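A.B. asks: Input file: upload.cif. Contents: mmCIF, N, CA and C atoms.
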```cif
data_start
loop_
_atom_site.label_atom_id
_atom_site.label_comp_id
_atom_site.auth_asym_id
_atom_site.auth_seq_id
_atom_site.Cartn_x
_atom_site.Cartn_y
_atom_site.Cartn_z
N MET Q 24 0.83 -1.18 0.00
CA MET Q 24 0.00 0.00 0.00
C MET Q 24 0.88 1.25 0.00
N SER Q 25 0.56 2.18 -0.88
CA SER Q 25 1.33 3.41 -1.00
C SER Q 25 0.91 4.40 0.08
N ILE Q 26 1.85 5.23 0.51
CA ILE Q 26 1.55 6.28 1.48
C ILE Q 26 0.78 7.42 0.81
N LEU Q 27 0.87 7.49 -0.53
CA LEU Q 27 0.21 8.56 -1.26
C LEU Q 27 -1.15 8.13 -1.77
N PRO Q 28 -2.13 9.03 -1.68
CA PRO Q 28 -3.42 8.76 -2.32
C PRO Q 28 -3.23 8.78 -3.85
N PRO Q 29 -4.24 8.41 -4.62
CA PRO Q 29 -4.13 8.48 -6.07
C PRO Q 29 -3.73 9.89 -6.53
N ALA Q 30 -3.02 9.97 -7.65
CA ALA Q 30 -2.47 11.25 -8.13
C ALA Q 30 -3.53 12.31 -8.39
N LYS Q 31 -4.74 11.92 -8.72
CA LYS Q 31 -5.80 12.89 -9.01
C LYS Q 31 -6.47 13.44 -7.75
N THR Q 32 -6.03 12.98 -6.58
CA THR Q 32 -6.59 13.42 -5.31
C THR Q 32 -6.11 14.85 -5.01
N PRO Q 33 -7.02 15.75 -4.61
CA PRO Q 33 -6.59 17.11 -4.24
C PRO Q 33 -5.61 17.06 -3.07
N LEU Q 34 -4.72 18.04 -3.03
CA LEU Q 34 -3.72 18.09 -1.96
C LEU Q 34 -4.37 18.20 -0.59
N ASN Q 35 -5.57 18.81 -0.51
CA ASN Q 35 -6.21 18.95 0.80
C ASN Q 35 -6.73 17.61 1.33
N GLN Q 36 -6.65 16.56 0.53
CA GLN Q 36 -7.04 15.23 0.97
C GLN Q 36 -5.82 14.38 1.35
N HIS Q 37 -4.63 15.00 1.35
CA HIS Q 37 -3.39 14.33 1.73
C HIS Q 37 -3.07 14.66 3.19
N SER Q 38 -2.54 13.71 3.90
CA SER Q 38 -2.04 14.01 5.25
C SER Q 38 -0.73 14.80 5.12
N LEU Q 39 -0.31 15.42 6.19
CA LEU Q 39 0.96 16.13 6.18
C LEU Q 39 2.10 15.16 5.86
N GLY Q 40 2.04 13.97 6.43
CA GLY Q 40 3.07 12.96 6.15
C GLY Q 40 3.12 12.60 4.68
N ALA Q 41 1.96 12.50 4.04
CA ALA Q 41 1.91 12.18 2.61
C ALA Q 41 2.48 13.33 1.79
N LEU Q 42 2.18 14.58 2.16
CA LEU Q 42 2.75 15.73 1.45
C LEU Q 42 4.27 15.75 1.57
N GLU Q 43 4.77 15.47 2.76
CA GLU Q 43 6.21 15.44 2.97
C GLU Q 43 6.85 14.30 2.17
N PHE Q 44 6.24 13.14 2.17
CA PHE Q 44 6.73 12.02 1.38
C PHE Q 44 6.78 12.39 -0.10
N TRP Q 45 5.73 13.03 -0.59
CA TRP Q 45 5.66 13.45 -1.99
C TRP Q 45 6.78 14.43 -2.32
N LEU Q 46 6.99 15.43 -1.47
CA LEU Q 46 8.06 16.39 -1.73
C LEU Q 46 9.43 15.71 -1.75
N ARG Q 47 9.66 14.78 -0.81
CA ARG Q 47 10.92 14.03 -0.81
C ARG Q 47 11.07 13.21 -2.08
N SER Q 48 9.98 12.61 -2.54
CA SER Q 48 10.05 11.79 -3.77
C SER Q 48 10.35 12.63 -5.00
N LEU Q 49 10.01 13.93 -4.95
CA LEU Q 49 10.37 14.83 -6.05
C LEU Q 49 11.84 15.22 -6.00
N GLY Q 50 12.46 15.03 -4.84
CA GLY Q 50 13.86 15.40 -4.67
C GLY Q 50 14.06 16.63 -3.80
N ALA Q 51 12.98 17.14 -3.22
CA ALA Q 51 13.09 18.31 -2.34
C ALA Q 51 13.59 17.87 -0.97
N GLU Q 52 14.23 18.80 -0.27
CA GLU Q 52 14.74 18.54 1.07
C GLU Q 52 14.22 19.60 2.03
N ARG Q 53 13.77 19.15 3.19
CA ARG Q 53 13.29 20.09 4.20
C ARG Q 53 14.48 20.86 4.77
N THR Q 54 14.28 22.14 5.03
CA THR Q 54 15.34 22.94 5.62
C THR Q 54 15.37 22.73 7.13
N SER Q 55 16.51 22.91 7.72
CA SER Q 55 16.62 22.72 9.17
C SER Q 55 16.06 23.90 9.95
N GLU Q 56 16.04 25.09 9.34
CA GLU Q 56 15.59 26.27 10.06
C GLU Q 56 14.07 26.43 10.09
N ASN Q 57 13.35 25.79 9.16
CA ASN Q 57 11.89 25.91 9.10
C ASN Q 57 11.32 24.59 8.59
N PRO Q 58 10.56 23.87 9.40
CA PRO Q 58 10.04 22.57 8.97
C PRO Q 58 9.01 22.66 7.84
N CYS Q 59 8.50 23.87 7.57
CA CYS Q 59 7.52 24.05 6.49
C CYS Q 59 8.19 24.47 5.18
N LEU Q 60 9.49 24.72 5.20
CA LEU Q 60 10.22 25.19 4.01
C LEU Q 60 11.06 24.06 3.44
N TRP Q 61 10.90 23.84 2.13
CA TRP Q 61 11.62 22.79 1.42
C TRP Q 61 12.40 23.43 0.28
N LYS Q 62 13.58 22.91 0.00
CA LYS Q 62 14.40 23.37 -1.13
C LYS Q 62 14.43 22.27 -2.17
N TRP Q 63 14.29 22.67 -3.42
CA TRP Q 63 14.27 21.72 -4.53
C TRP Q 63 15.22 22.23 -5.60
N ILE Q 64 16.31 21.51 -5.84
CA ILE Q 64 17.32 21.87 -6.83
C ILE Q 64 17.09 21.02 -8.07
N MET Q 65 16.98 21.70 -9.22
CA MET Q 65 16.79 21.02 -10.51
C MET Q 65 17.81 21.57 -11.50
N PRO Q 66 18.03 20.89 -12.62
CA PRO Q 66 18.99 21.39 -13.61
C PRO Q 66 18.66 22.80 -14.11
N GLN Q 67 17.37 23.12 -14.28
CA GLN Q 67 16.99 24.42 -14.84
C GLN Q 67 16.87 25.52 -13.79
N GLY Q 68 17.03 25.19 -12.52
CA GLY Q 68 16.93 26.20 -11.48
C GLY Q 68 16.62 25.57 -10.14
N ALA Q 69 16.20 26.41 -9.22
CA ALA Q 69 15.89 25.94 -7.87
C ALA Q 69 14.57 26.54 -7.43
N ALA Q 70 13.96 25.88 -6.47
CA ALA Q 70 12.70 26.37 -5.92
C ALA Q 70 12.70 26.19 -4.42
N GLU Q 71 12.05 27.12 -3.75
CA GLU Q 71 11.74 26.97 -2.34
C GLU Q 71 10.24 26.72 -2.27
N ILE Q 72 9.86 25.67 -1.58
CA ILE Q 72 8.47 25.29 -1.46
C ILE Q 72 8.06 25.46 0.00
N MET Q 73 7.07 26.32 0.23
CA MET Q 73 6.60 26.59 1.58
C MET Q 73 5.23 25.96 1.75
N ILE Q 74 5.12 25.07 2.73
CA ILE Q 74 3.82 24.48 3.06
C ILE Q 74 3.11 25.47 3.97
N LYS Q 75 2.12 26.15 3.41
CA LYS Q 75 1.37 27.15 4.17
C LYS Q 75 0.02 26.57 4.56
N GLN Q 76 -0.74 27.30 5.32
CA GLN Q 76 -2.03 26.82 5.81
C GLN Q 76 -3.02 26.59 4.66
N ASP Q 77 -3.05 27.49 3.67
CA ASP Q 77 -4.06 27.41 2.61
C ASP Q 77 -3.51 27.09 1.24
N GLU Q 78 -2.19 26.96 1.10
CA GLU Q 78 -1.60 26.79 -0.23
C GLU Q 78 -0.15 26.35 -0.13
N LEU Q 79 0.36 25.87 -1.27
CA LEU Q 79 1.80 25.67 -1.41
C LEU Q 79 2.33 26.92 -2.10
N MET Q 80 3.30 27.58 -1.50
CA MET Q 80 3.90 28.77 -2.08
C MET Q 80 5.25 28.37 -2.67
N ILE Q 81 5.46 28.68 -3.93
CA ILE Q 81 6.69 28.30 -4.63
C ILE Q 81 7.44 29.56 -5.02
N ASN Q 82 8.70 29.64 -4.63
CA ASN Q 82 9.59 30.71 -5.06
C ASN Q 82 10.65 30.09 -5.97
N TRP Q 83 10.59 30.42 -7.24
CA TRP Q 83 11.54 29.90 -8.23
C TRP Q 83 12.71 30.84 -8.38
N VAL Q 84 13.90 30.29 -8.54
CA VAL Q 84 15.08 31.07 -8.87
C VAL Q 84 15.71 30.39 -10.07
N GLU Q 85 15.72 31.11 -11.18
CA GLU Q 85 16.28 30.59 -12.42
C GLU Q 85 17.27 31.64 -12.92
N GLY Q 86 18.56 31.43 -12.60
CA GLY Q 86 19.56 32.44 -12.91
C GLY Q 86 19.28 33.68 -12.08
N GLU Q 87 19.12 34.81 -12.76
CA GLU Q 87 18.80 36.07 -12.07
C GLU Q 87 17.30 36.30 -11.94
N THR Q 88 16.50 35.44 -12.54
CA THR Q 88 15.05 35.61 -12.55
C THR Q 88 14.42 34.90 -11.35
N LYS Q 89 13.55 35.63 -10.67
CA LYS Q 89 12.82 35.06 -9.54
C LYS Q 89 11.33 35.17 -9.82
N SER Q 90 10.59 34.11 -9.50
CA SER Q 90 9.15 34.07 -9.71
C SER Q 90 8.50 33.45 -8.49
N GLN Q 91 7.28 33.87 -8.22
CA GLN Q 91 6.54 33.29 -7.10
C GLN Q 91 5.17 32.83 -7.59
N PHE Q 92 4.81 31.64 -7.18
CA PHE Q 92 3.51 31.05 -7.53
C PHE Q 92 2.91 30.42 -6.29
N SER Q 93 1.59 30.34 -6.28
CA SER Q 93 0.94 29.61 -5.19
C SER Q 93 -0.06 28.64 -5.80
N PHE Q 94 -0.18 27.50 -5.15
CA PHE Q 94 -1.08 26.45 -5.59
C PHE Q 94 -2.03 26.13 -4.45
N PRO Q 95 -3.33 26.39 -4.63
CA PRO Q 95 -4.27 26.05 -3.56
C PRO Q 95 -4.35 24.54 -3.38
N TYR Q 96 -4.65 24.13 -2.17
CA TYR Q 96 -4.70 22.71 -1.85
C TYR Q 96 -5.87 21.98 -2.51
N GLY Q 97 -6.78 22.71 -3.15
CA GLY Q 97 -7.88 22.08 -3.87
C GLY Q 97 -7.44 21.47 -5.20
N LEU Q 98 -6.23 21.82 -5.66
CA LEU Q 98 -5.71 21.23 -6.90
C LEU Q 98 -5.21 19.82 -6.63
N SER Q 99 -5.27 19.00 -7.66
CA SER Q 99 -4.78 17.63 -7.50
C SER Q 99 -3.26 17.60 -7.43
N ARG Q 100 -2.74 16.58 -6.77
CA ARG Q 100 -1.29 16.40 -6.70
C ARG Q 100 -0.71 16.27 -8.10
N GLN Q 101 -1.42 15.57 -8.98
CA GLN Q 101 -0.97 15.38 -10.36
C GLN Q 101 -0.80 16.72 -11.06
N ASP Q 102 -1.77 17.63 -10.91
CA ASP Q 102 -1.69 18.94 -11.57
C ASP Q 102 -0.57 19.80 -10.99
N VAL Q 103 -0.44 19.79 -9.66
CA VAL Q 103 0.61 20.58 -9.02
C VAL Q 103 1.99 20.04 -9.41
N GLU Q 104 2.14 18.73 -9.41
CA GLU Q 104 3.42 18.13 -9.78
C GLU Q 104 3.79 18.46 -11.23
N ALA Q 105 2.82 18.42 -12.13
CA ALA Q 105 3.08 18.77 -13.53
C ALA Q 105 3.54 20.23 -13.65
N ALA Q 106 2.88 21.12 -12.91
CA ALA Q 106 3.27 22.53 -12.94
C ALA Q 106 4.67 22.72 -12.35
N LEU Q 107 4.97 22.02 -11.24
CA LEU Q 107 6.30 22.14 -10.63
C LEU Q 107 7.39 21.63 -11.57
N GLN Q 108 7.14 20.52 -12.23
CA GLN Q 108 8.15 19.95 -13.11
C GLN Q 108 8.33 20.77 -14.39
N HIS Q 109 7.30 21.52 -14.75
CA HIS Q 109 7.41 22.41 -15.92
C HIS Q 109 8.28 23.61 -15.59
N GLY Q 110 8.22 24.05 -14.35
CA GLY Q 110 9.02 25.19 -13.92
C GLY Q 110 8.27 26.50 -14.08
N PRO Q 111 8.97 27.59 -13.84
CA PRO Q 111 8.31 28.91 -13.86
C PRO Q 111 7.80 29.33 -15.23
#
```
Is it possible to express this structure as structure tokens?
C.D. replies:
Amino acid sequence: MSILPPAKTPLNQHSLGALEFWLRSLGAERTSENPCLWKWIMPQGAAEIMIKQDELMINWVEGETKSQFSFPYGLSRQDVEAALQHGP
């Protein structure tokens, strides 16, 4: 049995443990200074992912360009993951 619900399940139907497992499976690492802040390093850039009360807040850094996006927890994990892997 997988710790993750089906990919089409909205993030608000995931436990905190499942969200953390999902972020780790993407390659993100939790920061030591803030348990809600995760760093994700990819070939095309880096992202900071903040687990907030009502949304996932993403801060992208791609070279000198910085972008911020938020994903409400009503979106499916599949949709959020596709957006994250696409990048800013």
A.B. asks: Among the residues of chain Q, find those DSSP assigns to alpha helix (DSSP H) from the backbone and print them as a CSV table (one decimal) with N, CA and C atoms, in the frame of the given file.
C.D. replies:
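What follows is the written file selection28.csv:
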```csv
chain,number,residue,atom,x,y,z
Q,39,LEU,N,-0.3,15.4,6.2
Q,39,LEU,CA,1.0,16.1,6.2
Q,39,LEU,C,2.1,15.2,5.9
Q,40,GLY,N,2.0,14.0,6.4
Q,40,GLY,CA,3.1,13.0,6.2
Q,40,GLY,C,3.1,12.6,4.7
Q,41,ALA,N,2.0,12.5,4.0
Q,41,ALA,CA,1.9,12.2,2.6
Q,41,ALA,C,2.5,13.3,1.8
Q,42,LEU,N,2.2,14.6,2.2
Q,42,LEU,CA,2.8,15.7,1.4
Q,42,LEU,C,4.3,15.8,1.6
Q,43,GLU,N,4.8,15.5,2.8
Q,43,GLU,CA,6.2,15.4,3.0
Q,43,GLU,C,6.8,14.3,2.2
Q,44,PHE,N,6.2,13.1,2.2
Q,44,PHE,CA,6.7,12.0,1.4
Q,44,PHE,C,6.8,12.4,-0.1
Q,45,TRP,N,5.7,13.0,-0.6
Q,45,TRP,CA,5.7,13.4,-2.0
Q,45,TRP,C,6.8,14.4,-2.3
Q,46,LEU,N,7.0,15.4,-1.5
Q,46,LEU,CA,8.1,16.4,-1.7
Q,46,LEU,C,9.4,15.7,-1.8
Q,47,ARG,N,9.7,14.8,-0.8
Q,47,ARG,CA,10.9,14.0,-0.8
Q,47,ARG,C,11.1,13.2,-2.1
Q,48,SER,N,10.0,12.6,-2.5
Q,48,SER,CA,10.0,11.8,-3.8
Q,48,SER,C,10.4,12.6,-5.0
Q,49,LEU,N,10.0,13.9,-5.0
Q,49,LEU,CA,10.4,14.8,-6.0
Q,49,LEU,C,11.8,15.2,-6.0
Q,100,ARG,N,-2.7,16.6,-6.8
Q,100,ARG,CA,-1.3,16.4,-6.7
Q,100,ARG,C,-0.7,16.3,-8.1
Q,101,GLN,N,-1.4,15.6,-9.0
Q,101,GLN,CA,-1.0,15.4,-10.4
Q,101,GLN,C,-0.8,16.7,-11.1
Q,102,ASP,N,-1.8,17.6,-10.9
Q,102,ASP,CA,-1.7,18.9,-11.6
Q,102,ASP,C,-0.6,19.8,-11.0
Q,103,VAL,N,-0.4,19.8,-9.7
Q,103,VAL,CA,0.6,20.6,-9.0
Q,103,VAL,C,2.0,20.0,-9.4
Q,104,GLU,N,2.1,18.7,-9.4
Q,104,GLU,CA,3.4,18.1,-9.8
Q,104,GLU,C,3.8,18.5,-11.2
Q,105,ALA,N,2.8,18.4,-12.1
Q,105,ALA,CA,3.1,18.8,-13.5
Q,105,ALA,C,3.5,20.2,-13.6
Q,106,ALA,N,2.9,21.1,-12.9
Q,106,ALA,CA,3.3,22.5,-12.9
Q,106,ALA,C,4.7,22.7,-12.4
Q,107,LEU,N,5.0,22.0,-11.2
Q,107,LEU,CA,6.3,22.1,-10.6
Q,107,LEU,C,7.4,21.6,-11.6
Q,108,GLN,N,7.1,20.5,-12.2
Q,108,GLN,CA,8.2,20.0,-13.1
Q,108,GLN,C,8.3,20.8,-14.4
Q,109,HIS,N,7.3,21.5,-14.8
Q,109,HIS,CA,7.4,22.4,-15.9
Q,109,HIS,C,8.3,23.6,-15.6
```
A.B. asks: Determine which residues of chain Q receive a DSSP assignment of strand (DSSP E or B), computed from the backbone, and state them as a ChimeraX atom specification.
C.D. replies: /Q:33,52-53,60-65,68-74,78-85,88-95,99
A.B. asks: Store the residues of this selection in a file with N, CA and C atoms, as a short mmCIF file (atom, residue, chain, number, x, y, z; two decimals), in the coordinates of the input.
C.D. replies:
```cif
data_model
loop_
_atom_site.label_atom_id
_atom_site.label_comp_id
_atom_site.auth_asym_id
_atom_site.auth_seq_id
_atom_site.Cartn_x
_atom_site.Cartn_y
_atom_site.Cartn_z
N PRO Q 33 -7.02 15.75 -4.61
CA PRO Q 33 -6.59 17.11 -4.24
C PRO Q 33 -5.61 17.06 -3.07
N GLU Q 52 14.23 18.80 -0.27
CA GLU Q 52 14.74 18.54 1.07
C GLU Q 52 14.22 19.60 2.03
N ARG Q 53 13.77 19.15 3.19
CA ARG Q 53 13.29 20.09 4.20
C ARG Q 53 14.48 20.86 4.77
N LEU Q 60 9.49 24.72 5.20
CA LEU Q 60 10.22 25.19 4.01
C LEU Q 60 11.06 24.06 3.44
N TRP Q 61 10.90 23.84 2.13
CA TRP Q 61 11.62 22.79 1.42
C TRP Q 61 12.40 23.43 0.28
N LYS Q 62 13.58 22.91 0.00
CA LYS Q 62 14.40 23.37 -1.13
C LYS Q 62 14.43 22.27 -2.17
N TRP Q 63 14.29 22.67 -3.42
CA TRP Q 63 14.27 21.72 -4.53
C TRP Q 63 15.22 22.23 -5.60
N ILE Q 64 16.31 21.51 -5.84
CA ILE Q 64 17.32 21.87 -6.83
C ILE Q 64 17.09 21.02 -8.07
N MET Q 65 16.98 21.70 -9.22
CA MET Q 65 16.79 21.02 -10.51
C MET Q 65 17.81 21.57 -11.50
N GLY Q 68 17.03 25.19 -12.52
CA GLY Q 68 16.93 26.20 -11.48
C GLY Q 68 16.62 25.57 -10.14
N ALA Q 69 16.20 26.41 -9.22
CA ALA Q 69 15.89 25.94 -7.87
C ALA Q 69 14.57 26.54 -7.43
N ALA Q 70 13.96 25.88 -6.47
CA ALA Q 70 12.70 26.37 -5.92
C ALA Q 70 12.70 26.19 -4.42
N GLU Q 71 12.05 27.12 -3.75
CA GLU Q 71 11.74 26.97 -2.34
C GLU Q 71 10.24 26.72 -2.27
N ILE Q 72 9.86 25.67 -1.58
CA ILE Q 72 8.47 25.29 -1.46
C ILE Q 72 8.06 25.46 0.00
N MET Q 73 7.07 26.32 0.23
CA MET Q 73 6.60 26.59 1.58
C MET Q 73 5.23 25.96 1.75
N ILE Q 74 5.12 25.07 2.73
CA ILE Q 74 3.82 24.48 3.06
C ILE Q 74 3.11 25.47 3.97
N GLU Q 78 -2.19 26.96 1.10
CA GLU Q 78 -1.60 26.79 -0.23
C GLU Q 78 -0.15 26.35 -0.13
N LEU Q 79 0.36 25.87 -1.27
CA LEU Q 79 1.80 25.67 -1.41
C LEU Q 79 2.33 26.92 -2.10
N MET Q 80 3.30 27.58 -1.50
CA MET Q 80 3.90 28.77 -2.08
C MET Q 80 5.25 28.37 -2.67
N ILE Q 81 5.46 28.68 -3.93
CA ILE Q 81 6.69 28.30 -4.63
C ILE Q 81 7.44 29.56 -5.02
N ASN Q 82 8.70 29.64 -4.63
CA ASN Q 82 9.59 30.71 -5.06
C ASN Q 82 10.65 30.09 -5.97
N TRP Q 83 10.59 30.42 -7.24
CA TRP Q 83 11.54 29.90 -8.23
C TRP Q 83 12.71 30.84 -8.38
N VAL Q 84 13.90 30.29 -8.54
CA VAL Q 84 15.08 31.07 -8.87
C VAL Q 84 15.71 30.39 -10.07
N GLU Q 85 15.72 31.11 -11.18
CA GLU Q 85 16.28 30.59 -12.42
C GLU Q 85 17.27 31.64 -12.92
N THR Q 88 16.50 35.44 -12.54
CA THR Q 88 15.05 35.61 -12.55
C THR Q 88 14.42 34.90 -11.35
N LYS Q 89 13.55 35.63 -10.67
CA LYS Q 89 12.82 35.06 -9.54
C LYS Q 89 11.33 35.17 -9.82
N SER Q 90 10.59 34.11 -9.50
CA SER Q 90 9.15 34.07 -9.71
C SER Q 90 8.50 33.45 -8.49
N GLN Q 91 7.28 33.87 -8.22
CA GLN Q 91 6.54 33.29 -7.10
C GLN Q 91 5.17 32.83 -7.59
N PHE Q 92 4.81 31.64 -7.18
CA PHE Q 92 3.51 31.05 -7.53
C PHE Q 92 2.91 30.42 -6.29
N SER Q 93 1.59 30.34 -6.28
CA SER Q 93 0.94 29.61 -5.19
C SER Q 93 -0.06 28.64 -5.80
N PHE Q 94 -0.18 27.50 -5.15
CA PHE Q 94 -1.08 26.45 -5.59
C PHE Q 94 -2.03 26.13 -4.45
N PRO Q 95 -3.33 26.39 -4.63
CA PRO Q 95 -4.27 26.05 -3.56
C PRO Q 95 -4.35 24.54 -3.38
N SER Q 99 -5.27 19.00 -7.66
CA SER Q 99 -4.78 17.63 -7.50
C SER Q 99 -3.26 17.60 -7.43
#
```
A.B. asks: Run through the PyMOL selection byres ((chain Q and resi 86-103) around 6) on the given coordinates and return the selected residues as a PyMOL selection string.
C.D. replies: chain Q and resi 30-35+68+77-85+104-108
A.B. asks: I'd like the neighbourhood of stretch 41-53 of chain Q as a list in words, where a residue qualifies if any of its atoms comes within 8 Å (using only C-alpha atoms), though same-chain residues fewer than 5 positions away should be ignored.
C.D. replies: Ile26, Leu27, Leu34, Pro58, Cys59, Leu60, Trp61, Lys62, Trp63 and Ile64 of chain Q
A.B. asks: Just give me the gap between atom C of Q:Gln36 and atom N of Q:Glu56 in Å, one decimal is fine.
C.D. replies: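 For atom C of Q:Gln36 relative to atom N of Q:Glu56, the distance reads 25.6 Å.
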A.B. asks: Have a look at atom CA of Q:Pro28 and atom CA of Q:Ala70 and let me know their distance in Å, one decimal.
C.D. replies: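 Atom CA of Q:Ala70 lies 24.1 Å from atom CA of Q:Pro28.
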